[in-house]
Amino acid sequence: MSTGPHFPELILSGIQPTGSPHIGNFLGALSKWVSLQRTAHDSVTLLYPIVDLHALTIPRDPEQLKKSKIETAIVLLACGIDPARSYIFEQSRIPAHTELAWLFNCITPMGWLSRMTQWKLKLKTNSQFSEDEVLSFSGLCLGLFSYPVLQAADILLYKATHVPIGDDQVQHLELTRDIAQMFNKMYHQNVFPLPLSITTSAKRIMSLYDPSKKMSKSDPENTRINLSDPPTIIAEKIKKSTSDSLKYITYDPETRPAIANLVTIYATMQGITIDQVVAEHGKSDIKTFKDALTQVLVEKLSPIQEEIQRLRLEQGYVQQVLKNGAEKASMIAENNLDEIRSIVGLK
């Protein structure tokens, strides 16, 4: 089965409201979302949900979660998401997500979920238990184990045909396609498309502290550059970022991963090649290069930060954007779920 000619093109990708979005989010997902508003045909629907239900797979402070959802919406708008072109909404405002997730839970083999790697990584970060231990007793919560099924429901509820993803989400999209295919075969109808990935050419941005790990919102503050960090904080984080003892700049991810990561950040923020960065700064010492990188980050993030500050003073507008997005997305969701209820015999 293919996505099928009768499925109108729809692009969907979500972001968790778990901490302040950082430059890794911006250079990877968010910049791609913004560019799709220009490159996708006007007939293509763009959905960018704030997936707050996924945030609950790890315990969160309720008040902080509420604030994080608004802050995430503010950052999306400040980065250039246009609510006239794209729908931004809170996942939890549309109950159809969880209803479809339950239907998928009823047909998804446990073996498929046990092979997923992301919940294992999250559990190692947030648990004292080994993988064998959490599989044998209550160290693993059902929500964390089964959240890829909810993710599949997020995508297939809208019959999304394309999903912008990073390489760490390839396995989850494959699971989504498997679930869609199983449902289609089970009910002998081409109900869901098999969504295709939209990948970004941007290199992965790694932690400032540990260049073997992807920059993450869940890691300590000093490991990442948040989009809202003021110049003094940016300068301090770059100054203290991991480096090495060599007195020049090269790009060698194998032997100099920390410096390679800083070079990658510089190149991606400036929109130039790695070779251009090395040609310009190859003879610089590390301190001089870090100073230059700090200047680039401050200059590039300044317009976004100004817009963040403006939108923080207009939270009524931000709430209305989320409400409007939820209303529009809900129309698509309810129409599709009504069809699915009939197919499975609930209507």
# chains A, B, ... in the order shown; residues from 1 in each chain; ligands from 1
call {"tool": "residues_around", "arguments": {"residues": "Val44 (chain A)", "least_positions_apart": "5", "cutoff": "12 Å", "atoms": "only C-alpha atoms", "output": "mmCIF file with C-alpha atoms, in the first residue's frame"}}
result
data_model
loop_
_atom_site.group_PDB
_atom_site.id
_atom_site.type_symbol
_atom_site.label_atom_id
_atom_site.label_comp_id
_atom_site.auth_asym_id
_atom_site.auth_seq_id
_atom_site.Cartn_x
_atom_site.Cartn_y
_atom_site.Cartn_z
ATOM 1 C CA PHE A 7 -5.297 11.147 0.633
ATOM 2 C CA PRO A 8 -4.844 14.918 0.459
ATOM 3 C CA GLU A 9 -1.342 15.933 1.440
ATOM 4 C CA LEU A 10 -1.101 16.828 5.115
ATOM 5 C CA ILE A 11 2.098 17.463 7.080
ATOM 6 C CA LEU A 12 2.193 16.973 10.849
ATOM 7 C CA LEU A 36 7.516 24.267 4.806
ATOM 8 C CA GLN A 37 5.155 27.238 5.021
ATOM 9 C CA ARG A 38 6.956 28.599 1.946
ATOM 10 C CA THR A 39 7.801 25.424 0.063
ATOM 11 C CA ARG A 85 -0.807 29.084 7.370
ATOM 12 C CA SER A 86 -0.218 26.475 10.092
ATOM 13 C CA TYR A 87 -2.361 25.134 12.916
ATOM 14 C CA ALA A 160 -1.002 12.756 7.728
ATOM 15 C CA THR A 161 0.890 11.859 4.574
ATOM 16 C CA HIS A 162 4.239 13.367 5.598
#
call {"tool": "closest_residue", "arguments": {"among": "A:Arg115, A:Lys323, A:His54, A:Lys213", "to": "Gly143 (chain A)", "atoms": "only C-alpha atoms"}}
result
A:His54
call {"tool": "closest_atom_pairs", "arguments": {"of": "region 17-120 of chain A", "to": "region 290-314 of chain A", "cutoff": "10 Å", "atoms": "only C-alpha atoms", "output": "Markdown table"}}
result
| residue | atom | partner | partner_atom | distance |
| --- | --- | --- | --- | --- |
| A:Ile23 | CA | A:Leu301 | CA | 9.0 |
| A:Ile70 | CA | A:Arg312 | CA | 8.9 |
| A:Glu71 | CA | A:Arg312 | CA | 7.9 |
| A:Ala73 | CA | A:Leu311 | CA | 9.6 |
| A:Ile74 | CA | A:Ile308 | CA | 6.1 |
| A:Val75 | CA | A:Ile308 | CA | 6.2 |
| A:Leu76 | CA | A:Ile308 | CA | 9.2 |
| A:Leu77 | CA | A:Ile308 | CA | 8.2 |
| A:Ala78 | CA | A:Glu307 | CA | 5.2 |
| A:Cys79 | CA | A:Ile304 | CA | 5.9 |
| A:Gly80 | CA | A:Ile304 | CA | 8.6 |
call {"tool": "write_last_selection", "arguments": {"atoms": "C-alpha atoms", "output": "short mmCIF file (atom, residue, chain, number, x, y, z; two decimals), in the first residue's frame"}}
result
data_model
loop_
_atom_site.label_atom_id
_atom_site.label_comp_id
_atom_site.auth_asym_id
_atom_site.auth_seq_id
_atom_site.Cartn_x
_atom_site.Cartn_y
_atom_site.Cartn_z
CA ILE A 23 19.10 25.84 19.17
CA ILE A 70 2.32 28.70 26.57
CA GLU A 71 6.07 29.30 26.34
CA ALA A 73 3.59 28.29 21.61
CA ILE A 74 5.31 31.66 22.04
CA VAL A 75 8.60 30.25 20.75
CA LEU A 76 6.91 28.64 17.74
CA LEU A 77 5.33 31.96 16.80
CA ALA A 78 8.57 33.86 17.44
CA CYS A 79 10.48 31.49 15.17
CA GLY A 80 8.11 32.24 12.31
#
call {"tool": "residues_around", "arguments": {"residues": "region 271-278 of chain A", "least_positions_apart": "4", "cutoff": "12 Å", "atoms": "only C-alpha atoms", "output": "PDB file with N, CA, C and O atoms, in the first residue's frame"}}
result
ATOM      1  N   LEU A  27      17.395  24.613  14.826  1.00  0.00           N
ATOM      2  CA  LEU A  27      18.138  24.282  13.611  1.00  0.00           C
ATOM      3  C   LEU A  27      17.654  22.988  12.976  1.00  0.00           C
ATOM      4  O   LEU A  27      17.849  22.776  11.778  1.00  0.00           O
ATOM      5  N   SER A  31      13.085  25.221  12.193  1.00  0.00           N
ATOM      6  CA  SER A  31      13.410  25.921  10.949  1.00  0.00           C
ATOM      7  C   SER A  31      12.803  25.199   9.743  1.00  0.00           C
ATOM      8  O   SER A  31      12.402  25.834   8.763  1.00  0.00           O
ATOM      9  N   SER A 201      18.408  18.297   6.270  1.00  0.00           N
ATOM     10  CA  SER A 201      19.821  18.124   5.950  1.00  0.00           C
ATOM     11  C   SER A 201      20.722  18.655   7.064  1.00  0.00           C
ATOM     12  O   SER A 201      21.936  18.473   7.032  1.00  0.00           O
ATOM     13  N   ALA A 202      20.124  19.323   8.057  1.00  0.00           N
ATOM     14  CA  ALA A 202      20.914  19.906   9.145  1.00  0.00           C
ATOM     15  C   ALA A 202      21.580  18.810   9.968  1.00  0.00           C
ATOM     16  O   ALA A 202      20.988  17.766  10.245  1.00  0.00           O
ATOM     17  N   LYS A 203      22.831  19.045  10.325  1.00  0.00           N
ATOM     18  CA  LYS A 203      23.545  18.108  11.180  1.00  0.00           C
ATOM     19  C   LYS A 203      22.975  18.169  12.591  1.00  0.00           C
ATOM     20  O   LYS A 203      22.492  19.199  13.035  1.00  0.00           O
ATOM     21  N   TYR A 248      44.103  25.175  17.765  1.00  0.00           N
ATOM     22  CA  TYR A 248      43.572  25.577  16.465  1.00  0.00           C
ATOM     23  C   TYR A 248      42.225  24.908  16.254  1.00  0.00           C
ATOM     24  O   TYR A 248      41.813  24.050  17.032  1.00  0.00           O
ATOM     25  N   ILE A 249      41.545  25.301  15.186  1.00  0.00           N
ATOM     26  CA  ILE A 249      40.189  24.804  14.913  1.00  0.00           C
ATOM     27  C   ILE A 249      40.189  23.878  13.699  1.00  0.00           C
ATOM     28  O   ILE A 249      40.663  24.254  12.618  1.00  0.00           O
ATOM     29  N   THR A 250      39.678  22.674  13.891  1.00  0.00           N
ATOM     30  CA  THR A 250      39.479  21.727  12.796  1.00  0.00           C
ATOM     31  C   THR A 250      38.087  21.109  12.958  1.00  0.00           C
ATOM     32  O   THR A 250      37.437  21.264  13.992  1.00  0.00           O
ATOM     33  N   TYR A 251      37.679  20.387  11.925  1.00  0.00           N
ATOM     34  CA  TYR A 251      36.418  19.652  12.019  1.00  0.00           C
ATOM     35  C   TYR A 251      36.724  18.171  11.905  1.00  0.00           C
ATOM     36  O   TYR A 251      36.995  17.652  10.816  1.00  0.00           O
ATOM     37  N   ASP A 252      36.712  17.495  13.040  1.00  0.00           N
ATOM     38  CA  ASP A 252      36.994  16.064  13.085  1.00  0.00           C
ATOM     39  C   ASP A 252      36.119  15.433  14.170  1.00  0.00           C
ATOM     40  O   ASP A 252      36.512  15.348  15.330  1.00  0.00           O
ATOM     41  N   PRO A 253      34.903  15.008  13.791  1.00  0.00           N
ATOM     42  CA  PRO A 253      33.965  14.464  14.782  1.00  0.00           C
ATOM     43  C   PRO A 253      34.486  13.247  15.540  1.00  0.00           C
ATOM     44  O   PRO A 253      34.046  12.988  16.654  1.00  0.00           O
ATOM     45  N   ILE A 259      34.819  20.152  19.585  1.00  0.00           N
ATOM     46  CA  ILE A 259      35.101  21.262  18.673  1.00  0.00           C
ATOM     47  C   ILE A 259      34.277  21.108  17.393  1.00  0.00           C
ATOM     48  O   ILE A 259      33.758  22.095  16.854  1.00  0.00           O
ATOM     49  N   ALA A 260      34.120  19.869  16.917  1.00  0.00           N
ATOM     50  CA  ALA A 260      33.305  19.637  15.720  1.00  0.00           C
ATOM     51  C   ALA A 260      31.877  20.099  15.950  1.00  0.00           C
ATOM     52  O   ALA A 260      31.230  20.663  15.047  1.00  0.00           O
ATOM     53  N   ASN A 261      31.368  19.888  17.157  1.00  0.00           N
ATOM     54  CA  ASN A 261      30.002  20.327  17.471  1.00  0.00           C
ATOM     55  C   ASN A 261      29.899  21.846  17.439  1.00  0.00           C
ATOM     56  O   ASN A 261      28.933  22.407  16.898  1.00  0.00           O
ATOM     57  N   LEU A 262      30.890  22.537  18.002  1.00  0.00           N
ATOM     58  CA  LEU A 262      30.873  24.004  17.979  1.00  0.00           C
ATOM     59  C   LEU A 262      30.982  24.532  16.550  1.00  0.00           C
ATOM     60  O   LEU A 262      30.319  25.516  16.188  1.00  0.00           O
ATOM     61  N   VAL A 263      31.800  23.873  15.739  1.00  0.00           N
ATOM     62  CA  VAL A 263      31.918  24.267  14.324  1.00  0.00           C
ATOM     63  C   VAL A 263      30.582  24.062  13.612  1.00  0.00           C
ATOM     64  O   VAL A 263      30.141  24.899  12.815  1.00  0.00           O
ATOM     65  N   THR A 264      29.913  22.947  13.909  1.00  0.00           N
ATOM     66  CA  THR A 264      28.607  22.662  13.311  1.00  0.00           C
ATOM     67  C   THR A 264      27.593  23.739  13.686  1.00  0.00           C
ATOM     68  O   THR A 264      26.826  24.214  12.840  1.00  0.00           O
ATOM     69  N   ILE A 265      27.577  24.119  14.954  1.00  0.00           N
ATOM     70  CA  ILE A 265      26.651  25.164  15.405  1.00  0.00           C
ATOM     71  C   ILE A 265      26.926  26.462  14.655  1.00  0.00           C
ATOM     72  O   ILE A 265      25.996  27.122  14.158  1.00  0.00           O
ATOM     73  N   TYR A 266      28.194  26.831  14.559  1.00  0.00           N
ATOM     74  CA  TYR A 266      28.569  28.069  13.858  1.00  0.00           C
ATOM     75  C   TYR A 266      28.098  28.018  12.405  1.00  0.00           C
ATOM     76  O   TYR A 266      27.452  28.957  11.902  1.00  0.00           O
ATOM     77  N   ALA A 267      28.424  26.927  11.716  1.00  0.00           N
ATOM     78  CA  ALA A 267      28.083  26.811  10.291  1.00  0.00           C
ATOM     79  C   ALA A 267      26.576  26.849  10.072  1.00  0.00           C
ATOM     80  O   ALA A 267      26.087  27.543   9.167  1.00  0.00           O
ATOM     81  N   GLY A 282      40.298  28.498  11.124  1.00  0.00           N
ATOM     82  CA  GLY A 282      41.223  27.391  11.373  1.00  0.00           C
ATOM     83  C   GLY A 282      42.442  27.760  12.193  1.00  0.00           C
ATOM     84  O   GLY A 282      42.945  26.953  12.981  1.00  0.00           O
ATOM     85  N   LYS A 283      42.926  28.985  12.035  1.00  0.00           N
ATOM     86  CA  LYS A 283      44.127  29.404  12.760  1.00  0.00           C
ATOM     87  C   LYS A 283      43.806  30.067  14.100  1.00  0.00           C
ATOM     88  O   LYS A 283      44.716  30.463  14.838  1.00  0.00           O
ATOM     89  N   SER A 284      42.528  30.180  14.415  1.00  0.00           N
ATOM     90  CA  SER A 284      42.127  30.788  15.687  1.00  0.00           C
ATOM     91  C   SER A 284      42.355  29.813  16.835  1.00  0.00           C
ATOM     92  O   SER A 284      42.262  28.590  16.656  1.00  0.00           O
ATOM     93  N   ASP A 285      42.649  30.347  18.019  1.00  0.00           N
ATOM     94  CA  ASP A 285      42.653  29.477  19.183  1.00  0.00           C
ATOM     95  C   ASP A 285      41.208  29.257  19.628  1.00  0.00           C
ATOM     96  O   ASP A 285      40.271  29.898  19.129  1.00  0.00           O
ATOM     97  N   PHE A 289      37.698  31.460  18.890  1.00  0.00           N
ATOM     98  CA  PHE A 289      36.588  30.870  18.137  1.00  0.00           C
ATOM     99  C   PHE A 289      35.308  30.870  18.952  1.00  0.00           C
ATOM    100  O   PHE A 289      34.225  31.154  18.432  1.00  0.00           O
ATOM    101  N   ALA A 292      33.790  34.217  18.783  1.00  0.00           N
ATOM    102  CA  ALA A 292      33.141  34.449  17.489  1.00  0.00           C
ATOM    103  C   ALA A 292      31.806  33.707  17.415  1.00  0.00           C
ATOM    104  O   ALA A 292      30.814  34.241  16.897  1.00  0.00           O
ATOM    105  N   LEU A 293      31.774  32.484  17.952  1.00  0.00           N
ATOM    106  CA  LEU A 293      30.534  31.708  17.961  1.00  0.00           C
ATOM    107  C   LEU A 293      29.477  32.396  18.829  1.00  0.00           C
ATOM    108  O   LEU A 293      28.304  32.463  18.447  1.00  0.00           O
ATOM    109  N   VAL A 296      27.905  35.206  16.889  1.00  0.00           N
ATOM    110  CA  VAL A 296      26.970  34.702  15.878  1.00  0.00           C
ATOM    111  C   VAL A 296      25.642  34.315  16.532  1.00  0.00           C
ATOM    112  O   VAL A 296      24.560  34.674  16.043  1.00  0.00           O
ATOM    113  N   LYS A 300      22.035  36.115  15.729  1.00  0.00           N
ATOM    114  CA  LYS A 300      20.988  35.344  15.064  1.00  0.00           C
ATOM    115  C   LYS A 300      19.753  35.149  15.943  1.00  0.00           C
ATOM    116  O   LYS A 300      18.624  35.087  15.444  1.00  0.00           O
TER     117      LYS A 300
END
call {"tool": "select_by_dssp", "arguments": {"residues": "region 78-208 of chain A", "states": "helix (DSSP H, G or I)", "output": "ChimeraX atom specification"}}
result
/A:78-79,91-93,96-105,110-114,118-126,131-136,142-156,167-187
call {"tool": "closest_residue", "arguments": {"among": "A:Asn324, A:Ser92, A:Thr242, A:Thr108", "to": "Ser212 (chain A)", "atoms": "only C-alpha atoms"}}
result
A:Thr242
